[in-house]
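Structure file data_9.cif; described as mmCIF, C-alpha atoms, pLDDT in the B column; chains and numbers go by the auth columns.
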```
data_run
#
loop_
_atom_site.group_PDB
_atom_site.id
_atom_site.type_symbol
_atom_site.label_atom_id
_atom_site.label_comp_id
_atom_site.label_asym_id
_atom_site.label_seq_id
_atom_site.Cartn_x
_atom_site.Cartn_y
_atom_site.Cartn_z
_atom_site.B_iso_or_equiv
_atom_site.auth_seq_id
_atom_site.auth_asym_id
ATOM 1 C CA MET A 1 4.811 -16.227 -22.339 43.00 39 A
ATOM 2 C CA LYS A 2 2.012 -14.357 -20.643 44.00 40 A
ATOM 3 C CA LYS A 3 1.773 -10.590 -21.031 43.00 41 A
ATOM 4 C CA LEU A 4 2.591 -9.961 -17.412 45.00 42 A
ATOM 5 C CA ILE A 5 5.701 -12.089 -17.591 44.00 43 A
ATOM 6 C CA VAL A 6 7.041 -10.302 -20.646 40.00 44 A
ATOM 7 C CA GLY A 7 8.213 -7.251 -18.721 45.00 45 A
ATOM 8 C CA LEU A 8 9.589 -9.257 -15.817 43.00 46 A
ATOM 9 C CA PHE A 9 13.225 -8.488 -16.380 35.00 47 A
ATOM 10 C CA ALA A 10 12.741 -5.137 -18.040 38.00 48 A
ATOM 11 C CA LEU A 11 13.581 -3.744 -14.624 38.00 49 A
ATOM 12 C CA GLY A 12 17.240 -3.824 -15.505 35.00 50 A
ATOM 13 C CA PHE A 13 18.321 -6.765 -13.407 33.00 51 A
ATOM 14 C CA THR A 14 21.795 -7.923 -14.360 30.00 52 A
ATOM 15 C CA ALA A 15 23.550 -11.085 -13.305 28.00 53 A
ATOM 16 C CA THR A 16 25.464 -9.005 -10.801 29.00 54 A
ATOM 17 C CA ALA A 17 22.290 -7.544 -9.346 30.00 55 A
ATOM 18 C CA LEU A 18 20.756 -10.963 -8.975 30.00 56 A
ATOM 19 C CA PHE A 19 23.539 -12.289 -6.829 31.00 57 A
ATOM 20 C CA THR A 20 25.065 -9.236 -5.166 30.00 58 A
ATOM 21 C CA LEU A 21 22.727 -8.523 -2.272 33.00 59 A
ATOM 22 C CA TYR A 22 23.276 -6.295 0.727 34.00 60 A
ATOM 23 C CA PRO A 23 22.213 -7.262 4.247 37.00 61 A
ATOM 24 C CA LYS A 24 18.994 -5.589 5.359 42.00 62 A
ATOM 25 C CA ASN A 25 19.145 -3.519 8.522 46.00 63 A
ATOM 26 C CA ALA A 26 17.428 -0.605 10.181 40.00 64 A
ATOM 27 C CA GLU A 27 19.615 1.885 8.350 43.00 65 A
ATOM 28 C CA ALA A 28 18.868 0.507 4.896 62.00 66 A
ATOM 29 C CA SER A 29 16.762 2.866 2.825 92.00 67 A
ATOM 30 C CA VAL A 30 13.219 1.931 1.963 95.00 68 A
ATOM 31 C CA GLU A 31 14.080 1.868 -1.729 95.00 69 A
ATOM 32 C CA LYS A 32 17.054 -0.392 -1.151 96.00 70 A
ATOM 33 C CA GLN A 33 14.961 -2.849 0.839 96.00 71 A
ATOM 34 C CA ILE A 34 12.360 -2.887 -1.928 97.00 72 A
ATOM 35 C CA ASP A 35 15.072 -3.432 -4.539 97.00 73 A
ATOM 36 C CA ASP A 36 16.698 -6.243 -2.554 96.00 74 A
ATOM 37 C CA ASN A 37 13.425 -8.091 -2.058 97.00 75 A
ATOM 38 C CA THR A 38 12.392 -7.504 -5.662 97.00 76 A
ATOM 39 C CA THR A 39 15.665 -8.992 -6.851 97.00 77 A
ATOM 40 C CA LEU A 40 15.166 -12.117 -4.752 97.00 78 A
ATOM 41 C CA LEU A 41 11.566 -12.495 -5.865 97.00 79 A
ATOM 42 C CA ALA A 42 12.541 -12.001 -9.515 96.00 80 A
ATOM 43 C CA GLN A 43 15.176 -14.704 -9.201 96.00 81 A
ATOM 44 C CA GLN A 44 12.666 -17.107 -7.671 94.00 82 A
ATOM 45 C CA ILE A 45 10.151 -16.439 -10.447 94.00 83 A
ATOM 46 C CA GLN A 46 12.829 -16.928 -13.098 94.00 84 A
ATOM 47 C CA ASN A 47 13.680 -20.281 -11.524 95.00 85 A
ATOM 48 C CA GLU A 48 10.011 -21.266 -11.726 92.00 86 A
ATOM 49 C CA ILE A 49 9.954 -20.309 -15.416 92.00 87 A
ATOM 50 C CA SER A 50 13.214 -22.132 -16.169 94.00 88 A
ATOM 51 C CA ASN A 51 11.918 -25.260 -14.449 94.00 89 A
ATOM 52 C CA LYS A 52 8.544 -24.955 -16.192 91.00 90 A
ATOM 53 C CA THR A 53 6.662 -25.422 -12.951 93.00 91 A
ATOM 54 C CA LYS A 54 2.910 -25.148 -12.547 93.00 92 A
ATOM 55 C CA LEU A 55 3.349 -21.675 -11.075 91.00 93 A
ATOM 56 C CA SER A 56 5.214 -20.484 -14.177 88.00 94 A
ATOM 57 C CA LEU A 57 2.115 -21.235 -16.253 91.00 95 A
ATOM 58 C CA SER A 58 -0.100 -18.965 -14.158 92.00 96 A
ATOM 59 C CA SER A 59 -1.330 -15.652 -15.554 90.00 97 A
ATOM 60 C CA ASN A 60 -2.520 -14.558 -12.104 94.00 98 A
ATOM 61 C CA PRO A 61 0.009 -12.127 -10.541 94.00 99 A
ATOM 62 C CA TYR A 62 -1.259 -12.930 -7.056 95.00 100 A
ATOM 63 C CA ASP A 63 -0.037 -16.509 -7.446 95.00 101 A
ATOM 64 C CA TYR A 64 3.536 -15.196 -7.564 94.00 102 A
ATOM 65 C CA ILE A 65 3.258 -13.356 -4.243 96.00 103 A
ATOM 66 C CA LYS A 66 1.263 -15.941 -2.324 94.00 104 A
ATOM 67 C CA ASP A 67 3.295 -16.956 0.739 92.00 105 A
ATOM 68 C CA SER A 68 6.218 -14.888 -0.569 96.00 106 A
ATOM 69 C CA GLU A 69 8.497 -13.694 2.239 97.00 107 A
ATOM 70 C CA GLU A 70 10.024 -11.101 -0.090 97.00 108 A
ATOM 71 C CA TYR A 71 6.629 -9.603 -0.926 98.00 109 A
ATOM 72 C CA GLU A 72 5.686 -9.550 2.754 96.00 110 A
ATOM 73 C CA ASN A 73 8.956 -7.760 3.527 96.00 111 A
ATOM 74 C CA ILE A 74 7.920 -5.007 1.134 97.00 112 A
ATOM 75 C CA VAL A 75 4.465 -4.751 2.685 96.00 113 A
ATOM 76 C CA LYS A 76 5.979 -4.548 6.172 94.00 114 A
ATOM 77 C CA LEU A 77 7.770 -1.348 5.181 94.00 115 A
ATOM 78 C CA GLY A 78 4.426 0.389 5.608 93.00 116 A
ATOM 79 C CA TYR A 79 3.332 3.696 4.150 94.00 117 A
ATOM 80 C CA LYS A 80 6.908 4.904 3.677 94.00 118 A
ATOM 81 C CA ALA A 81 6.998 2.520 0.711 96.00 119 A
ATOM 82 C CA PHE A 82 4.170 4.361 -1.094 97.00 120 A
ATOM 83 C CA PRO A 83 6.230 6.987 -2.958 96.00 121 A
ATOM 84 C CA VAL A 84 8.945 4.508 -3.909 96.00 122 A
ATOM 85 C CA LEU A 85 6.516 1.896 -5.224 97.00 123 A
ATOM 86 C CA GLU A 86 4.474 4.509 -7.061 97.00 124 A
ATOM 87 C CA LYS A 87 7.612 5.928 -8.664 96.00 125 A
ATOM 88 C CA LYS A 88 8.761 2.487 -9.779 96.00 126 A
ATOM 89 C CA ILE A 89 5.410 1.849 -11.439 96.00 127 A
ATOM 90 C CA ASP A 90 5.399 5.251 -13.139 96.00 128 A
ATOM 91 C CA GLU A 91 8.966 4.946 -14.400 94.00 129 A
ATOM 92 C CA SER A 92 8.603 1.384 -15.623 91.00 130 A
ATOM 93 C CA GLU A 93 8.694 0.723 -19.339 82.00 131 A
ATOM 94 C CA GLY A 94 5.473 -1.062 -20.125 73.00 132 A
ATOM 95 C CA SER A 95 3.246 -2.734 -17.578 79.00 133 A
ATOM 96 C CA GLY A 96 4.865 -5.945 -16.433 91.00 134 A
ATOM 97 C CA LEU A 97 4.458 -8.376 -13.605 93.00 135 A
ATOM 98 C CA PHE A 98 6.363 -6.328 -11.065 96.00 136 A
ATOM 99 C CA ASP A 99 4.296 -3.224 -11.781 96.00 137 A
ATOM 100 C CA TYR A 100 1.288 -5.308 -10.797 96.00 138 A
ATOM 101 C CA ILE A 101 3.034 -6.686 -7.723 97.00 139 A
ATOM 102 C CA TYR A 102 3.999 -3.193 -6.577 98.00 140 A
ATOM 103 C CA ALA A 103 0.397 -2.077 -7.058 97.00 141 A
ATOM 104 C CA ALA A 104 -0.834 -5.020 -4.997 97.00 142 A
ATOM 105 C CA ALA A 105 1.636 -4.102 -2.247 98.00 143 A
ATOM 106 C CA ILE A 106 0.378 -0.510 -2.169 98.00 144 A
ATOM 107 C CA GLU A 107 -3.207 -1.728 -1.829 97.00 145 A
ATOM 108 C CA GLU A 108 -2.309 -4.120 0.972 96.00 146 A
ATOM 109 C CA ILE A 109 -0.335 -1.519 2.909 96.00 147 A
ATOM 110 C CA ALA A 110 -3.070 1.076 2.428 97.00 148 A
ATOM 111 C CA LYS A 111 -5.862 -1.362 3.310 96.00 149 A
ATOM 112 C CA VAL A 112 -7.814 -0.418 0.216 96.00 150 A
ATOM 113 C CA ASN A 113 -9.269 -2.227 -2.771 96.00 151 A
ATOM 114 C CA LEU A 114 -9.374 0.096 -5.752 96.00 152 A
ATOM 115 C CA LYS A 115 -11.125 -2.568 -7.819 94.00 153 A
ATOM 116 C CA GLU A 116 -14.104 -2.596 -5.487 90.00 154 A
ATOM 117 C CA ASP A 117 -17.239 -1.003 -6.947 80.00 155 A
ATOM 118 C CA ASP A 118 -15.243 0.148 -9.966 89.00 156 A
ATOM 119 C CA PRO A 119 -16.864 -0.407 -13.385 89.00 157 A
ATOM 120 C CA THR A 120 -13.396 -0.293 -14.982 92.00 158 A
ATOM 121 C CA PRO A 121 -11.087 -1.989 -12.430 94.00 159 A
ATOM 122 C CA TRP A 122 -7.347 -1.626 -12.907 96.00 160 A
ATOM 123 C CA ASP A 123 -5.547 -4.554 -14.498 93.00 161 A
ATOM 124 C CA THR A 124 -2.086 -3.090 -15.039 94.00 162 A
ATOM 125 C CA GLY A 125 0.330 -1.101 -12.924 94.00 163 A
ATOM 126 C CA GLU A 126 -0.185 1.935 -15.149 94.00 164 A
ATOM 127 C CA LYS A 127 -3.959 1.912 -14.694 95.00 165 A
ATOM 128 C CA PHE A 128 -3.538 1.351 -10.980 97.00 166 A
ATOM 129 C CA SER A 129 -1.274 4.393 -10.698 96.00 167 A
ATOM 130 C CA GLU A 130 -3.888 6.584 -12.378 96.00 168 A
ATOM 131 C CA LYS A 131 -6.614 5.460 -9.974 97.00 169 A
ATOM 132 C CA TRP A 132 -4.283 5.660 -6.959 98.00 170 A
ATOM 133 C CA LYS A 133 -3.475 9.310 -7.672 97.00 171 A
ATOM 134 C CA VAL A 134 -7.160 10.156 -8.043 97.00 172 A
ATOM 135 C CA LYS A 135 -7.933 8.446 -4.743 97.00 173 A
ATOM 136 C CA LEU A 136 -5.174 10.250 -2.873 98.00 174 A
ATOM 137 C CA GLU A 137 -6.281 13.607 -4.237 98.00 175 A
ATOM 138 C CA SER A 138 -9.831 13.000 -3.005 97.00 176 A
ATOM 139 C CA ILE A 139 -8.938 11.897 0.532 98.00 177 A
ATOM 140 C CA PRO A 140 -8.714 15.247 2.393 98.00 178 A
ATOM 141 C CA GLY A 141 -12.071 16.398 1.048 98.00 179 A
ATOM 142 C CA ASN A 142 -13.730 13.038 1.669 98.00 180 A
ATOM 143 C CA VAL A 143 -12.538 12.903 5.275 98.00 181 A
ATOM 144 C CA GLU A 144 -13.967 16.382 5.872 98.00 182 A
ATOM 145 C CA LYS A 145 -17.238 15.460 4.175 98.00 183 A
ATOM 146 C CA ILE A 146 -17.674 12.252 6.157 98.00 184 A
ATOM 147 C CA ALA A 147 -16.674 13.808 9.485 98.00 185 A
ATOM 148 C CA SER A 148 -19.124 16.702 9.100 97.00 186 A
ATOM 149 C CA SER A 149 -22.018 14.616 7.770 97.00 187 A
ATOM 150 C CA SER A 150 -25.289 14.988 9.642 96.00 188 A
ATOM 151 C CA GLU A 151 -26.847 12.044 7.834 96.00 189 A
ATOM 152 C CA GLN A 152 -24.465 9.275 8.922 96.00 190 A
ATOM 153 C CA SER A 153 -24.270 7.631 12.328 97.00 191 A
ATOM 154 C CA ASP A 154 -20.895 7.423 14.061 97.00 192 A
ATOM 155 C CA ASP A 155 -20.587 3.771 13.048 97.00 193 A
ATOM 156 C CA ASP A 156 -21.345 4.621 9.413 98.00 194 A
ATOM 157 C CA LYS A 157 -18.771 7.413 9.480 98.00 195 A
ATOM 158 C CA ILE A 158 -16.148 5.041 10.852 97.00 196 A
ATOM 159 C CA ARG A 159 -16.897 2.472 8.165 97.00 197 A
ATOM 160 C CA SER A 160 -16.705 5.147 5.469 97.00 198 A
ATOM 161 C CA LEU A 161 -13.412 6.491 6.818 98.00 199 A
ATOM 162 C CA THR A 162 -11.788 3.066 6.990 97.00 200 A
ATOM 163 C CA LYS A 163 -12.643 2.496 3.319 96.00 201 A
ATOM 164 C CA LEU A 164 -10.472 5.514 2.493 97.00 202 A
ATOM 165 C CA GLY A 165 -7.459 3.561 3.707 97.00 203 A
ATOM 166 C CA LEU A 166 -4.281 4.321 5.607 96.00 204 A
ATOM 167 C CA PRO A 167 -3.541 7.564 3.684 97.00 205 A
ATOM 168 C CA ALA A 168 -6.594 9.079 5.380 98.00 206 A
ATOM 169 C CA VAL A 169 -5.152 8.699 8.890 97.00 207 A
ATOM 170 C CA PRO A 170 -3.402 12.110 9.134 97.00 208 A
ATOM 171 C CA PHE A 171 -6.650 13.829 8.171 98.00 209 A
ATOM 172 C CA ILE A 172 -8.744 11.753 10.577 97.00 210 A
ATOM 173 C CA ILE A 173 -6.261 12.723 13.291 96.00 211 A
ATOM 174 C CA ASP A 174 -7.013 16.372 12.503 97.00 212 A
ATOM 175 C CA GLN A 175 -10.711 15.667 13.011 97.00 213 A
ATOM 176 C CA VAL A 176 -10.084 13.883 16.314 95.00 214 A
ATOM 177 C CA GLU A 177 -7.939 16.782 17.487 94.00 215 A
ATOM 178 C CA ALA A 178 -10.794 19.117 16.606 94.00 216 A
ATOM 179 C CA GLY A 179 -12.984 17.229 19.066 93.00 217 A
ATOM 180 C CA LYS A 180 -14.527 14.462 16.976 95.00 218 A
ATOM 181 C CA THR A 181 -13.085 11.727 19.138 93.00 219 A
ATOM 182 C CA GLU A 182 -15.877 9.350 18.130 94.00 220 A
ATOM 183 C CA LEU A 183 -13.990 8.847 14.861 95.00 221 A
ATOM 184 C CA PHE A 184 -10.897 7.472 16.558 94.00 222 A
ATOM 185 C CA PRO A 185 -11.801 3.791 15.941 93.00 223 A
ATOM 186 C CA ALA A 186 -11.169 4.421 12.241 95.00 224 A
ATOM 187 C CA ILE A 187 -7.573 5.277 13.104 94.00 225 A
ATOM 188 C CA GLN A 188 -7.315 2.188 15.299 90.00 226 A
ATOM 189 C CA TYR A 189 -8.411 -0.022 12.430 92.00 227 A
ATOM 190 C CA LEU A 190 -6.192 1.557 9.815 93.00 228 A
ATOM 191 C CA VAL A 191 -2.995 1.534 11.871 90.00 229 A
ATOM 192 C CA SER A 192 -3.588 -1.865 13.387 81.00 230 A
ATOM 193 C CA ASP A 193 -2.207 -5.063 11.892 68.00 231 A
ATOM 194 C CA SER A 194 -5.102 -6.999 13.388 45.00 232 A
ATOM 195 C CA GLY A 195 -7.679 -5.093 11.404 44.00 233 A
ATOM 196 C CA GLU A 196 -10.153 -5.298 14.255 45.00 234 A
ATOM 197 C CA LEU A 197 -12.450 -2.323 14.628 44.00 235 A
ATOM 198 C CA SER A 198 -12.704 -1.484 18.316 42.00 236 A
ATOM 199 C CA LYS A 199 -14.152 1.314 20.408 46.00 237 A
ATOM 200 C CA SER A 200 -12.377 0.305 23.581 47.00 238 A
ATOM 201 C CA ILE A 201 -10.276 3.478 23.827 53.00 239 A
ATOM 202 C CA SER A 202 -11.968 6.360 25.607 57.00 240 A
ATOM 203 C CA PRO A 203 -12.077 9.909 24.181 58.00 241 A
ATOM 204 C CA VAL A 204 -9.385 10.948 26.658 59.00 242 A
ATOM 205 C CA ASP A 205 -7.086 8.166 25.524 80.00 243 A
ATOM 206 C CA SER A 206 -7.746 8.892 21.860 86.00 244 A
ATOM 207 C CA ALA A 207 -6.932 12.572 22.338 83.00 245 A
ATOM 208 C CA GLN A 208 -3.698 11.650 24.059 85.00 246 A
ATOM 209 C CA TRP A 209 -2.800 9.146 21.357 87.00 247 A
ATOM 210 C CA THR A 210 -3.329 11.633 18.542 89.00 248 A
ATOM 211 C CA LYS A 211 -1.262 14.227 20.377 87.00 249 A
ATOM 212 C CA GLU A 212 1.630 11.836 20.869 87.00 250 A
ATOM 213 C CA ASN A 213 1.537 10.241 17.408 89.00 251 A
ATOM 214 C CA LYS A 214 0.396 12.971 14.997 93.00 252 A
ATOM 215 C CA ALA A 215 3.932 13.897 13.940 94.00 253 A
ATOM 216 C CA LYS A 216 4.626 10.296 12.883 92.00 254 A
ATOM 217 C CA PHE A 217 2.218 10.775 9.986 94.00 255 A
ATOM 218 C CA ASP A 218 3.620 14.080 8.702 96.00 256 A
ATOM 219 C CA ASP A 219 5.380 12.386 5.782 95.00 257 A
ATOM 220 C CA LEU A 220 2.210 10.515 4.827 96.00 258 A
ATOM 221 C CA LYS A 221 0.160 13.721 4.971 97.00 259 A
ATOM 222 C CA LYS A 222 2.687 15.526 2.793 97.00 260 A
ATOM 223 C CA TYR A 223 2.649 12.654 0.295 97.00 261 A
ATOM 224 C CA VAL A 224 -1.139 12.824 -0.024 98.00 262 A
ATOM 225 C CA LEU A 225 -1.262 16.612 -0.299 97.00 263 A
ATOM 226 C CA GLU A 226 1.289 16.595 -3.103 95.00 264 A
ATOM 227 C CA LYS A 227 -1.244 14.888 -5.389 85.00 265 A
#
```

How does this structure look as structure tokens?
Amino acid sequence: MKKLIVGLFALGFTATALFTLYPKNAEASVEKQIDDNTTLLAQQIQNEISNKTKLSLSSNPYDYIKDSEEYENIVKLGYKAFPVLEKKIDESEGSGLFDYIYAAAIEEIAKVNLKEDDPTPWDTGEKFSEKWKVKLESIPGNVEKIASSSEQSDDDKIRSLTKLGLPAVPFIIDQVEAGKTELFPAIQYLVSDSGELSKSISPVDSAQWTKENKAKFDDLKKYVLEK
């Protein structure tokens, strides 16, 4: 069938894996939750292919995750899913549908669009992974550059910081702690599900928030700095 469908079950799903699922709970590892939801989604897609539905004829990967509860469950895992999803893409043989789906999940969690303003946008999981690593490596320096810019207004700085995505939050927190509390709305946007950019929190509140929540982003900061 389509190129993206070819590698669908190259993930090593067996009949046992398809039907032996474990209940999700707070103690379940991030990887296990991703695997469980991937298994369910793979089974649903296989059913579509077997039944020769309209969806099975689509070459658009986003059609397979539209309104998918399993995909949303992966996205809801938040930034802790980054290393697992990235590893699955990197260790995959070929560049199949699920590599693309994992890449889409990373973008949605991170609130970034790596295809935007890119003359050679990614179209496979492998290409996404290359661009994702480059982006992560550039984040600490870009946050510093934006925060210290004398040419941008505060609003422009906030817009530029939000375009860096969720992985930039630990480094924006460092800037806020250093006294640049005017940048706090970028954190609000990136950690908020609503996606609404607001300046309603005062500098005192923002300083308190960063103090109380900085440690929650230690793993994310470590992940970025390892690139």

Smallest atom-to-atom distance to A:Phe209: which of A:Trp160, A:Glu168, A:Asp192, A:Lys260, using all atoms listed in the file? A:Lys260

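Across the model, the gap from atom CA of A:Val207 to atom CA of A:Ile225 is 5.9 Å.
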
Report as a ChimeraX atom specification the residues that result from applying the PyMOL selection byres ((chain A and resi 104-120) around 6) to the structure here. /A:72,75,101-103,121-124,143,147

Give the centre and edge lengths of an axis-aligned box, in Å to one decimal, that holds all listed atoms of stretch 210-227 of chain A with 3 Å on each side, as lines of an AutoDock Vina configuration file.
```
center_x = -11.1
center_y = 9.5
center_z = 14.9
size_x = 15.6
size_y = 25.1
size_z = 14.6
```

Select, from A:Leu78, A:Val68, A:Ile127, A:Ala141, the residue with the minimum atom-to-atom distance to A:Pro99, counting only C-alpha atoms.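 Checking each of A:Leu78, A:Val68, A:Ile127, A:Ala141 against A:Pro99, counting only C-alpha atoms, the winner is A:Ala141.
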
Here is a test: counting only C-alpha atoms, which residue of A:Leu95, A:Ala245, A:Ala80, A:Ile177 is nearest to A:Ala216?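 For A:Ala216, the nearest of the candidates is A:Ala245.
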
Between atom CA of A:Tyr261 and atom CA of A:Glu175, measure the distance and give it in Å to one decimal.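 Value for the atom CA of A:Tyr261-atom CA of A:Glu175 distance: 10.1 Å.
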
Result set, the PyMOL selection byres ((chain A and resi 217-220) around 12) on current file, as JSON, numbers by chain: {"A": [181, 182, 184, 185, 186, 187, 191, 192, 193, 194, 195, 196, 199, 209, 210, 211, 212, 213, 214, 215, 216, 221, 222, 223, 224, 225, 226, 236, 237, 238, 239, 240, 241, 242, 243, 244, 245, 246, 247, 248]}

Name the residues, using the chain letters and numbers of the file, that sit within 12 Å of (-5.1, -7.2, -18.7) when counting all atoms listed in the file, and give them as a compact mmCIF listing (two decimals) with C-alpha atoms, in the frame of the given file.
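Here's the written file selection.txt:
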```txt
# COMPACT_ATOMS: atom_id res chain seq x y z
CA LYS A 40 2.01 -14.36 -20.64
CA LYS A 41 1.77 -10.59 -21.03
CA LEU A 42 2.59 -9.96 -17.41
CA ILE A 43 5.70 -12.09 -17.59
CA SER A 97 -1.33 -15.65 -15.55
CA ASN A 98 -2.52 -14.56 -12.10
CA PRO A 99 0.01 -12.13 -10.54
CA SER A 133 3.25 -2.73 -17.58
CA GLY A 134 4.86 -5.94 -16.43
CA LEU A 135 4.46 -8.38 -13.60
CA TYR A 138 1.29 -5.31 -10.80
CA THR A 158 -13.40 -0.29 -14.98
CA PRO A 159 -11.09 -1.99 -12.43
CA TRP A 160 -7.35 -1.63 -12.91
CA ASP A 161 -5.55 -4.55 -14.50
CA THR A 162 -2.09 -3.09 -15.04
CA GLY A 163 0.33 -1.10 -12.92
CA GLU A 164 -0.18 1.94 -15.15
CA LYS A 165 -3.96 1.91 -14.69
CA PHE A 166 -3.54 1.35 -10.98
```

Given the choices A:Ile139, A:Leu174, A:Leu93, A:Leu202, which gets closest to A:Asn151 if the distance is worked out from all atoms listed in the file?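 Looking at the shortest contact to A:Asn151, the residue is A:Leu202.
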
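Pairwise distance (atom CA of A:Pro157, atom CA of A:Lys169) equals 12.3 Å.
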
When distances are computed from all atoms listed in the file, which of A:Ile87, A:Asp74, A:Leu204, A:Gln190 shows the smallest separation from A:Val229? A:Leu204
